[in-house]
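S.K.: What follows is entry-v3.cif, mmCIF, C-alpha atoms.
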```cif
data_entry
#
loop_
_atom_site.label_atom_id
_atom_site.label_comp_id
_atom_site.auth_asym_id
_atom_site.auth_seq_id
_atom_site.Cartn_x
_atom_site.Cartn_y
_atom_site.Cartn_z
CA MET A 1 0.00 0.00 0.00
CA ASN A 2 2.91 2.40 0.56
CA ALA A 3 3.69 2.48 -3.15
CA CYS A 4 0.06 3.38 -3.80
CA ILE A 5 0.09 6.12 -1.12
CA ARG A 6 3.27 7.52 -2.67
CA ALA A 7 1.68 7.61 -6.12
CA VAL A 8 -1.49 9.27 -4.82
CA VAL A 9 0.44 11.99 -2.99
CA ARG A 10 2.84 12.81 -5.80
CA THR A 11 0.24 12.64 -8.56
CA ALA A 12 -2.03 14.94 -6.56
CA HIS A 13 0.80 17.44 -6.05
CA HIS A 14 1.55 17.21 -9.76
CA HIS A 15 -2.00 18.49 -10.28
CA GLN A 16 -1.45 21.15 -7.60
CA LEU A 17 -3.86 19.58 -5.14
CA LYS A 18 -3.60 19.60 -1.37
CA VAL A 19 -3.21 16.12 0.12
CA THR A 20 -4.31 14.95 3.55
CA GLY A 21 -3.45 11.52 4.90
CA ILE A 22 -5.92 9.80 7.21
CA TYR A 23 -4.48 7.50 9.85
CA ARG A 24 -6.15 4.11 10.48
CA GLY A 25 -8.69 4.28 7.67
CA PHE A 26 -12.34 5.01 8.35
CA ASP A 27 -11.78 4.87 12.10
CA GLY A 28 -9.22 7.63 11.82
CA MET A 29 -11.63 9.59 9.68
CA ILE A 30 -14.20 9.51 12.48
CA GLN A 31 -11.58 10.64 15.02
CA GLY A 32 -10.16 13.32 12.73
CA ASN A 33 -6.73 11.69 12.87
CA MET A 34 -5.25 13.39 9.81
CA LEU A 35 -2.08 15.12 8.59
CA ASP A 36 -1.01 17.15 5.59
CA MET A 37 1.23 15.23 3.20
CA GLY A 38 3.81 16.70 0.89
CA ARG A 39 6.04 15.04 -1.69
CA GLN A 40 8.83 14.50 0.84
CA ASP A 41 6.51 12.74 3.26
CA VAL A 42 6.37 9.76 0.94
CA SER A 43 10.08 9.57 0.17
CA ASN A 44 11.76 6.21 0.77
CA ILE A 45 8.54 4.26 1.37
CA ILE A 46 8.01 2.45 -1.95
CA GLN A 47 10.10 -0.51 -0.73
CA ARG A 48 8.37 -0.81 2.65
CA GLY A 49 5.65 -3.34 3.42
CA GLY A 50 2.46 -2.47 5.24
CA THR A 51 1.26 1.13 5.23
CA ILE A 52 2.67 4.26 6.82
CA LEU A 53 -0.91 5.46 7.39
CA LYS A 54 -1.76 2.24 9.20
CA THR A 55 -5.09 0.49 8.94
CA ALA A 56 -7.87 -0.63 11.26
CA ARG A 57 -11.35 -2.08 11.18
CA SER A 58 -14.02 0.44 12.10
CA GLU A 59 -17.21 -0.65 13.81
CA GLY A 60 -18.15 3.00 14.17
CA PHE A 61 -18.19 3.55 10.40
CA ARG A 62 -20.82 0.82 10.10
CA THR A 63 -23.29 3.14 11.83
CA PRO A 64 -24.98 6.25 10.41
CA GLU A 65 -23.74 8.21 13.41
CA GLY A 66 -20.15 7.19 12.77
CA ARG A 67 -20.35 8.09 9.11
CA ARG A 68 -21.92 11.45 10.00
CA GLN A 69 -19.03 12.19 12.33
CA ALA A 70 -16.55 11.20 9.61
CA TYR A 71 -18.29 13.54 7.16
CA HIS A 72 -18.04 16.44 9.60
CA GLN A 73 -14.33 15.74 10.06
CA LEU A 74 -13.80 15.81 6.30
CA GLN A 75 -15.67 19.10 6.02
CA LYS A 76 -13.61 20.58 8.85
CA ALA A 77 -10.41 19.57 7.05
CA GLY A 78 -11.63 20.87 3.70
CA ILE A 79 -11.44 17.45 2.07
CA GLN A 80 -13.54 17.07 -1.08
CA ALA A 81 -12.42 13.70 -2.39
CA LEU A 82 -10.91 10.47 -1.11
CA VAL A 83 -8.76 7.65 -2.46
CA ALA A 84 -9.68 4.51 -0.52
CA ILE A 85 -7.20 1.63 -0.66
CA GLY A 86 -8.57 -1.73 0.46
CA GLY A 87 -10.72 -4.71 -0.30
CA ASP A 88 -14.39 -5.62 -0.40
CA GLY A 89 -15.21 -4.02 2.95
CA THR A 90 -13.53 -0.74 1.96
CA TYR A 91 -15.44 -0.62 -1.30
CA ARG A 92 -18.79 -1.35 0.34
CA ALA A 93 -18.21 1.31 2.99
CA SER A 94 -17.17 3.82 0.33
CA GLN A 95 -20.28 3.11 -1.70
CA VAL A 96 -22.58 3.63 1.30
CA PHE A 97 -20.74 6.82 2.30
CA MET A 98 -21.09 8.32 -1.16
CA GLU A 99 -24.81 7.51 -1.22
CA GLU A 100 -25.26 9.39 2.05
CA TYR A 101 -22.84 12.23 1.28
CA PRO A 102 -22.60 12.63 -2.51
CA ASP A 103 -20.53 15.81 -2.24
CA ILE A 104 -17.57 13.63 -1.15
CA ARG A 105 -16.17 11.90 -4.21
CA ILE A 106 -14.32 8.59 -3.73
CA MET A 107 -12.13 6.46 -5.96
CA GLY A 108 -10.85 3.07 -4.86
CA CYS A 109 -7.64 1.10 -5.29
CA PRO A 110 -7.68 -2.69 -4.75
CA GLY A 111 -5.49 -3.46 -1.74
CA THR A 112 -5.88 -7.11 -0.71
CA ILE A 113 -3.56 -10.10 -0.92
CA ASP A 114 -6.47 -12.43 -1.75
CA ASN A 115 -6.85 -11.10 -5.32
CA ASP A 116 -10.60 -11.66 -5.05
CA LEU A 117 -12.02 -8.32 -6.22
CA TYR A 118 -14.06 -8.35 -9.40
CA GLY A 119 -12.91 -6.29 -12.36
CA THR A 120 -9.14 -6.36 -11.89
CA ASP A 121 -6.71 -9.07 -12.91
CA PHE A 122 -4.50 -8.42 -9.89
CA THR A 123 -4.78 -6.62 -6.57
CA ILE A 124 -2.09 -4.74 -4.67
CA GLY A 125 -0.20 -7.15 -2.44
CA TYR A 126 -1.13 -10.38 -4.19
CA ASP A 127 2.12 -10.84 -6.10
CA THR A 128 4.19 -10.21 -2.98
CA ALA A 129 2.06 -12.62 -0.95
CA ILE A 130 2.31 -15.50 -3.40
CA ASN A 131 6.06 -15.03 -3.78
CA THR A 132 6.49 -14.93 0.00
CA ALA A 133 4.45 -18.13 0.35
CA MET A 134 6.28 -19.82 -2.49
CA GLN A 135 9.68 -19.04 -1.00
CA ALA A 136 8.55 -20.44 2.35
CA ILE A 137 7.24 -23.61 0.69
CA ASP A 138 10.54 -24.02 -1.15
CA LYS A 139 12.30 -24.08 2.22
CA ILE A 140 9.76 -26.53 3.62
CA ARG A 141 10.35 -28.72 0.55
CA ASP A 142 14.02 -28.99 1.52
CA THR A 143 13.04 -30.20 4.99
CA ALA A 144 10.38 -32.56 3.63
CA ASP A 145 12.85 -34.11 1.22
CA ALA A 146 15.62 -34.46 3.81
CA THR A 147 13.34 -36.09 6.40
CA ASP A 148 10.92 -38.00 4.16
CA ARG A 149 7.88 -36.14 5.45
CA LEU A 150 4.46 -35.17 4.16
CA PHE A 151 3.84 -31.48 4.84
CA PHE A 152 0.47 -29.74 4.83
CA VAL A 153 1.11 -26.02 4.36
CA GLU A 154 -1.74 -23.63 5.13
CA VAL A 155 -1.79 -20.29 3.33
CA MET A 156 -4.19 -17.37 3.65
CA GLY A 157 -7.44 -17.30 1.73
CA ARG A 158 -10.51 -17.63 3.94
CA ASP A 159 -12.93 -17.12 1.03
CA ALA A 160 -10.60 -17.34 -1.95
CA GLY A 161 -8.08 -19.97 -2.98
CA LEU A 162 -6.06 -17.90 -5.43
CA ILE A 163 -3.02 -17.71 -3.15
CA ALA A 164 -3.08 -21.46 -2.54
CA LEU A 165 -3.57 -22.33 -6.20
CA ARG A 166 -0.74 -20.23 -7.59
CA THR A 167 1.73 -20.93 -4.79
CA GLY A 168 0.95 -24.62 -5.01
CA LEU A 169 1.55 -24.63 -8.73
CA GLY A 170 4.66 -22.45 -8.47
CA SER A 171 6.20 -24.58 -5.74
CA GLY A 172 5.44 -27.92 -7.37
CA ALA A 173 3.00 -29.05 -4.67
CA GLU A 174 1.52 -32.51 -5.07
CA ALA A 175 -1.98 -31.25 -4.25
CA VAL A 176 -3.85 -28.01 -3.57
CA LEU A 177 -7.08 -27.70 -1.55
CA ILE A 178 -9.13 -24.52 -2.07
CA PRO A 179 -12.59 -23.35 -0.93
CA GLU A 180 -13.94 -22.73 -4.45
CA ILE A 181 -13.82 -26.43 -5.31
CA GLU A 182 -15.67 -29.02 -3.29
CA GLN A 183 -12.91 -31.31 -2.25
CA ASP A 184 -13.21 -35.05 -2.33
CA LEU A 185 -10.72 -36.31 0.21
CA ASP A 186 -10.84 -39.65 -1.55
CA ARG A 187 -8.99 -37.99 -4.45
CA LEU A 188 -6.27 -36.86 -2.04
CA TYR A 189 -6.17 -40.34 -0.54
CA ASP A 190 -5.79 -41.86 -4.03
CA LEU A 191 -2.89 -39.51 -4.74
CA LEU A 192 -1.15 -40.36 -1.48
CA GLU A 193 -1.68 -44.08 -2.08
CA ARG A 194 -0.29 -43.78 -5.59
CA ASP A 195 2.79 -41.86 -4.49
CA TRP A 196 3.44 -44.25 -1.58
CA LYS A 197 3.49 -47.15 -4.01
CA ARG A 198 5.97 -45.19 -6.09
CA GLN A 199 8.10 -44.88 -2.94
CA LYS A 200 7.71 -41.12 -2.98
CA SER A 201 8.01 -40.38 0.71
CA SER A 202 8.20 -36.56 0.76
CA MET A 203 5.31 -34.42 -0.46
CA ILE A 204 3.72 -30.99 -0.11
CA VAL A 205 -0.02 -30.32 0.06
CA VAL A 206 -1.04 -26.65 0.04
CA VAL A 207 -4.30 -25.86 1.85
CA ALA A 208 -6.23 -22.57 1.78
CA GLU A 209 -7.29 -21.60 5.30
CA GLY A 210 -10.92 -21.51 4.19
CA ASP A 211 -10.99 -24.97 2.63
CA GLU A 212 -14.18 -26.76 3.61
CA ALA A 213 -12.22 -29.81 4.73
CA GLY A 214 -11.29 -27.79 7.81
CA GLY A 215 -7.87 -26.29 7.12
CA ALA A 216 -4.45 -27.88 7.22
CA PHE A 217 -4.66 -29.34 10.74
CA ALA A 218 -8.02 -31.03 10.13
CA VAL A 219 -6.95 -32.47 6.79
CA ALA A 220 -3.61 -33.66 8.20
CA GLU A 221 -5.36 -35.44 11.07
CA GLN A 222 -7.61 -37.34 8.69
CA VAL A 223 -4.61 -38.30 6.58
CA ARG A 224 -2.70 -39.52 9.67
CA GLN A 225 -5.53 -41.87 10.51
CA ARG A 226 -5.71 -43.18 6.95
CA PHE A 227 -1.95 -43.29 6.24
CA PRO A 228 -0.02 -43.87 9.47
CA GLN A 229 3.03 -44.75 7.38
CA TYR A 230 3.48 -41.08 6.44
CA ASP A 231 5.42 -38.83 8.80
CA THR A 232 2.97 -35.93 8.62
CA ARG A 233 3.63 -32.32 9.60
CA VAL A 234 1.64 -29.07 9.41
CA THR A 235 2.95 -25.55 8.82
CA VAL A 236 0.72 -22.47 8.92
CA LEU A 237 2.37 -19.57 7.12
CA GLY A 238 -0.06 -17.03 8.57
CA HIS A 239 0.69 -13.34 8.57
CA ILE A 240 4.19 -13.55 7.08
CA GLN A 241 2.27 -13.39 3.79
CA ARG A 242 1.07 -9.89 4.65
CA GLY A 243 4.47 -8.33 5.26
CA GLY A 244 7.84 -7.83 3.71
CA SER A 245 9.25 -5.67 0.96
CA PRO A 246 6.81 -5.62 -1.96
CA SER A 247 7.73 -7.22 -5.26
CA CYS A 248 8.58 -5.13 -8.31
CA MET A 249 5.26 -6.09 -9.91
CA ASP A 250 3.33 -4.93 -6.84
CA ARG A 251 5.21 -1.63 -6.71
CA ILE A 252 4.42 -0.93 -10.36
CA LEU A 253 0.77 -2.00 -10.03
CA ALA A 254 0.27 0.13 -6.91
CA SER A 255 1.94 3.13 -8.55
CA ARG A 256 -0.22 2.86 -11.66
CA LEU A 257 -3.46 2.48 -9.74
CA GLY A 258 -2.71 5.23 -7.20
CA ALA A 259 -1.94 7.67 -10.00
CA ALA A 260 -5.01 6.54 -11.96
CA ALA A 261 -7.28 7.16 -8.97
CA VAL A 262 -6.12 10.77 -8.63
CA GLN A 263 -6.34 11.37 -12.37
CA ALA A 264 -9.90 10.01 -12.36
CA LEU A 265 -10.88 12.40 -9.55
CA VAL A 266 -9.32 15.31 -11.46
CA ALA A 267 -11.42 14.29 -14.47
CA GLY A 268 -14.58 14.42 -12.35
CA MET A 269 -15.09 10.70 -11.79
CA ALA A 270 -16.26 9.14 -8.52
CA GLY A 271 -17.65 5.86 -7.25
CA TYR A 272 -15.23 3.66 -9.17
CA ALA A 273 -12.45 1.27 -8.29
CA CYS A 274 -9.30 1.35 -10.40
CA GLY A 275 -8.02 -1.97 -11.70
CA VAL A 276 -6.02 -3.60 -14.47
CA GLN A 277 -7.43 -5.80 -17.20
CA TYR A 278 -5.19 -7.16 -19.93
CA LYS A 279 -2.41 -4.79 -18.75
CA SER A 280 -4.57 -1.65 -19.12
CA VAL A 281 -6.02 0.48 -16.32
CA VAL A 282 -9.80 0.29 -16.07
CA HIS A 283 -12.50 1.75 -13.82
CA ILE A 284 -15.12 -0.52 -12.25
CA PRO A 285 -18.19 0.82 -10.41
CA PHE A 286 -18.11 0.02 -6.70
CA SER A 287 -21.44 -1.78 -7.13
CA GLU A 288 -19.72 -4.31 -9.42
CA ALA A 289 -16.30 -4.42 -7.78
CA VAL A 290 -17.72 -5.64 -4.45
CA LYS A 291 -19.24 -8.74 -5.99
CA HIS A 292 -17.25 -11.86 -5.09
CA ASN A 293 -17.62 -13.65 -8.39
CA VAL A 294 -13.97 -14.09 -9.28
CA GLU A 295 -13.70 -17.50 -10.86
CA ILE A 296 -10.86 -19.95 -10.40
CA ASN A 297 -9.11 -20.82 -13.64
CA PRO A 298 -9.91 -24.53 -14.13
CA GLN A 299 -6.84 -24.93 -16.33
CA LEU A 300 -4.60 -24.09 -13.38
CA VAL A 301 -6.43 -26.63 -11.21
CA GLU A 302 -5.98 -29.28 -13.89
CA LEU A 303 -2.32 -28.33 -14.31
CA VAL A 304 -1.61 -29.01 -10.63
CA GLU A 305 -2.99 -32.53 -11.06
CA ILE A 306 -1.12 -33.15 -14.32
CA LEU A 307 2.24 -31.98 -13.03
CA SER A 308 1.96 -33.87 -9.75
CA ALA A 309 1.34 -37.17 -11.49
#
```
Step by step, read the file and then write its structure as structure tokens.

M.R.:
Amino acid sequence: MNACIRAVVRTAHHHQLKVTGIYRGFDGMIQGNMLDMGRQDVSNIIQRGGTILKTARSEGFRTPEGRRQAYHQLQKAGIQALVAIGGDGTYRASQVFMEEYPDIRIMGCPGTIDNDLYGTDFTIGYDTAINTAMQAIDKIRDTADATDRLFFVEVMGRDAGLIALRTGLGSGAEAVLIPEIEQDLDRLYDLLERDWKRQKSSMIVVVAEGDEAGGAFAVAEQVRQRFPQYDTRVTVLGHIQRGGSPSCMDRILASRLGAAAVQALVAGMAGYACGVQYKSVVHIPFSEAVKHNVEINPQLVELVEILSA
């Protein structure tokens, strides 16, 4: 997100606009926790993970009273437009806020590692997250191979399996379990039986945290009962996927989308999320961007099975 903040600030100053940063998202907006931001305030942040403005969930912004207080704070600060960086919840909140206070114009930028927002091929943070997970799985592969173990590696993705699918494919995992596809554990059992007969004693199974089989620990326990001959281990990568220096692709994507959001506001647009489709910047209405109808590419699912055979 820092690369996106940097692009917003510098593009806005390029258009001779005053920029105000809001700490801790909508919650900070309610509290009036704001500061003026110049070009130098975003120097040396493009390589930093996280966000210098911090982020927080806001129960207060879910209420009309909270949103009214946020509106008054924006008026007091002389703020006429916002760039909101976030995921589905940020977009939904922005849409509601604009309906109640149409004089505040908002453009969105997709900041979520899950890559599950409609209308954009990639979201800010996704590339970094999958590379972080892949590098961790590569290290686990070394251990699995040296000790002849079966590892279940859980990655983030409560509602979306895009991290699990691409990291599993990129790391050469023997199987990937994701929430979008109803999993038949018998298929996993068949794979493990096949590989045991082949005397393949070290394997990696990548599991999305939202998989309906119950996550990595639940799946591993069922496998232990069925295949006691495997030395089974579980690793949960957790929040390491959310940190670290962003990849070059993420820095470029965030820079393009942050600049595009400001340019759209200058052109009079509002109520849209910026995204990329086929390498070009596009604008998607909030009402469409919040829909969770991103489909898993079945060819990638099939490829995992083919290459693990």

S.K.: Given the choices A:Trp196, A:Phe227, A:Tyr272, A:Phe97, which gets closest to Leu257 in chain A if the distance is worked out from all atoms listed in the file?

M.R.: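 Looking only at the distances to Leu257 in chain A, the closest residue turns out to be A:Tyr272.
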
S.K.: For Leu253 in chain A, which of A:Val206, A:Val236, A:Val276, A:Ile52 is the closest residue, counting only C-alpha atoms?

M.R.: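 Result for the nearest residue to Leu253 in chain A: A:Val276.
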
S.K.: Selection in question (the file shown): the PyMOL selection byres ((chain A and resi 124) around 10). Which residues does it include, as a ChimeraX atom specification?

M.R.: /A:1,3-4,85-87,109-115,122-123,125-129,246,249-255,257,275

S.K.: What do you get, as a PDB file with C-alpha atoms, keeping the file's coordinate frame, if you spell out every residue that the PyMOL selection byres ((chain A and resi 42) around 12) selects here?

M.R.:
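Dumped to selection-v7.pdb:
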```pdb
ATOM      1  CA  MET A   1       0.000   0.000   0.000  1.00  0.00           C
ATOM      2  CA  ASN A   2       2.910   2.400   0.560  1.00  0.00           C
ATOM      3  CA  ALA A   3       3.690   2.480  -3.150  1.00  0.00           C
ATOM      4  CA  CYS A   4       0.060   3.380  -3.800  1.00  0.00           C
ATOM      5  CA  ILE A   5       0.090   6.120  -1.120  1.00  0.00           C
ATOM      6  CA  ARG A   6       3.270   7.520  -2.670  1.00  0.00           C
ATOM      7  CA  ALA A   7       1.680   7.610  -6.120  1.00  0.00           C
ATOM      8  CA  VAL A   8      -1.490   9.270  -4.820  1.00  0.00           C
ATOM      9  CA  VAL A   9       0.440  11.990  -2.990  1.00  0.00           C
ATOM     10  CA  ARG A  10       2.840  12.810  -5.800  1.00  0.00           C
ATOM     11  CA  THR A  11       0.240  12.640  -8.560  1.00  0.00           C
ATOM     12  CA  HIS A  13       0.800  17.440  -6.050  1.00  0.00           C
ATOM     13  CA  VAL A  19      -3.210  16.120   0.120  1.00  0.00           C
ATOM     14  CA  GLY A  21      -3.450  11.520   4.900  1.00  0.00           C
ATOM     15  CA  ASP A  36      -1.010  17.150   5.590  1.00  0.00           C
ATOM     16  CA  MET A  37       1.230  15.230   3.200  1.00  0.00           C
ATOM     17  CA  GLY A  38       3.810  16.700   0.890  1.00  0.00           C
ATOM     18  CA  ARG A  39       6.040  15.040  -1.690  1.00  0.00           C
ATOM     19  CA  GLN A  40       8.830  14.500   0.840  1.00  0.00           C
ATOM     20  CA  ASP A  41       6.510  12.740   3.260  1.00  0.00           C
ATOM     21  CA  SER A  43      10.080   9.570   0.170  1.00  0.00           C
ATOM     22  CA  ASN A  44      11.760   6.210   0.770  1.00  0.00           C
ATOM     23  CA  ILE A  45       8.540   4.260   1.370  1.00  0.00           C
ATOM     24  CA  ILE A  46       8.010   2.450  -1.950  1.00  0.00           C
ATOM     25  CA  GLN A  47      10.100  -0.510  -0.730  1.00  0.00           C
ATOM     26  CA  ARG A  48       8.370  -0.810   2.650  1.00  0.00           C
ATOM     27  CA  THR A  51       1.260   1.130   5.230  1.00  0.00           C
ATOM     28  CA  ILE A  52       2.670   4.260   6.820  1.00  0.00           C
ATOM     29  CA  LEU A  53      -0.910   5.460   7.390  1.00  0.00           C
TER      30      LEU A  53
END
```

S.K.: Please indicate the distance in Å from CA of Val83 in chain A to CA of Ile130 in chain A, rounded to one decimal place.

M.R.: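 Separation between CA of Val83 in chain A and CA of Ile130 in chain A: 25.7 Å.
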
S.K.: So which one's closest to Gln299 in chain A, A:Arg166, A:Gln80, A:His14, A:Phe26? Using only C-alpha atoms, please.

M.R.: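 Counting only C-alpha atoms, the residue closest to Gln299 in chain A is A:Arg166.
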
S.K.: Identify the residues within 10 Å of coordinate (-17.5, 7.6, 10.3) (same frame as the file), considering only C-alpha atoms, and give the answer as a ChimeraX atom specification.

M.R.: /A:25-32,58-74,93,97

S.K.: Between CA of Thr147 in chain A and CA of Ala208 in chain A, what distance in Å does the model show, to one decimal?

M.R.: 24.2 Å

S.K.: Report as a PyMOL selection string the full result of the PyMOL selection byres ((chain A and resi 282-291) around 12) when it is applied to this structure.

M.R.: chain A and resi 84+86-99+106-110+115-123+256-257+260-261+263-265+269-281+292-295

S.K.: Of the candidates A:Leu17, A:Met156, A:Ala259, A:Ala77, which one gets nearest to Leu35 in chain A if we count all atoms listed in the file?

M.R.: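 Result for the nearest residue to Leu35 in chain A: A:Ala77.
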
S.K.: Find, counting all atoms listed in the file, the residue in A:Leu162, A:Leu237, A:Ala12, A:Ala220 that gets nearest to Ala133 in chain A.

M.R.: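 Closest to Ala133 in chain A, using all atoms listed in the file: A:Leu237.
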
S.K.: For a test of reading the model, state the distance in Å between CA of Gly215 in chain A and CA of Gly157 in chain A, rounded to one decimal.

M.R.: 10.5 Å

S.K.: Could you check the closest approach to Leu185 in chain A for each of A:Arg226, A:Arg24, A:Arg198, A:Lys139 and tell me which residue wins, using all atoms listed in the file?

M.R.: A:Arg226

S.K.: Any chance you could model N, CA and C atoms for range 43-59 of chain A and send them as a compact mmCIF listing (two decimals), in the coordinates of the input?

M.R.:
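File written: rebuild37.txt
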```txt
# COMPACT_ATOMS: atom_id res chain seq x y z
N SER A 43 8.76 10.00 0.65
CA SER A 43 10.08 9.57 0.17
C SER A 43 10.50 8.29 0.90
N ASN A 44 11.16 7.41 0.18
CA ASN A 44 11.76 6.21 0.77
C ASN A 44 10.72 5.28 1.42
N ILE A 45 9.53 5.19 0.83
CA ILE A 45 8.54 4.26 1.37
C ILE A 45 8.11 3.20 0.34
N ILE A 46 8.50 3.36 -0.91
CA ILE A 46 8.01 2.45 -1.95
C ILE A 46 8.45 1.01 -1.69
N GLN A 47 9.56 0.83 -0.99
CA GLN A 47 10.10 -0.51 -0.73
C GLN A 47 9.61 -1.09 0.59
N ARG A 48 8.80 -0.36 1.33
CA ARG A 48 8.37 -0.81 2.65
C ARG A 48 7.03 -1.53 2.59
N GLY A 49 6.91 -2.63 3.34
CA GLY A 49 5.65 -3.34 3.42
C GLY A 49 4.69 -2.61 4.34
N GLY A 50 3.45 -3.08 4.37
CA GLY A 50 2.46 -2.47 5.24
C GLY A 50 1.99 -1.13 4.72
N THR A 51 1.69 -0.21 5.62
CA THR A 51 1.26 1.13 5.23
C THR A 51 1.66 2.14 6.29
N ILE A 52 2.26 3.23 5.88
CA ILE A 52 2.67 4.26 6.82
C ILE A 52 1.47 4.93 7.47
N LEU A 53 0.30 4.86 6.82
CA LEU A 53 -0.91 5.46 7.39
C LEU A 53 -1.65 4.49 8.31
N LYS A 54 -1.15 3.28 8.37
CA LYS A 54 -1.76 2.24 9.20
C LYS A 54 -3.20 1.95 8.76
N THR A 55 -3.75 0.89 9.32
CA THR A 55 -5.09 0.49 8.94
C THR A 55 -5.78 -0.11 10.15
N ALA A 56 -7.11 -0.08 10.13
CA ALA A 56 -7.87 -0.63 11.26
C ALA A 56 -9.30 -0.87 10.83
N ARG A 57 -9.92 -1.88 11.39
CA ARG A 57 -11.35 -2.08 11.18
C ARG A 57 -12.11 -1.02 11.96
N SER A 58 -13.25 -0.62 11.45
CA SER A 58 -14.02 0.44 12.10
C SER A 58 -15.47 0.02 12.29
N GLU A 59 -15.81 -0.36 13.51
CA GLU A 59 -17.21 -0.65 13.81
C GLU A 59 -18.04 0.62 13.77
```
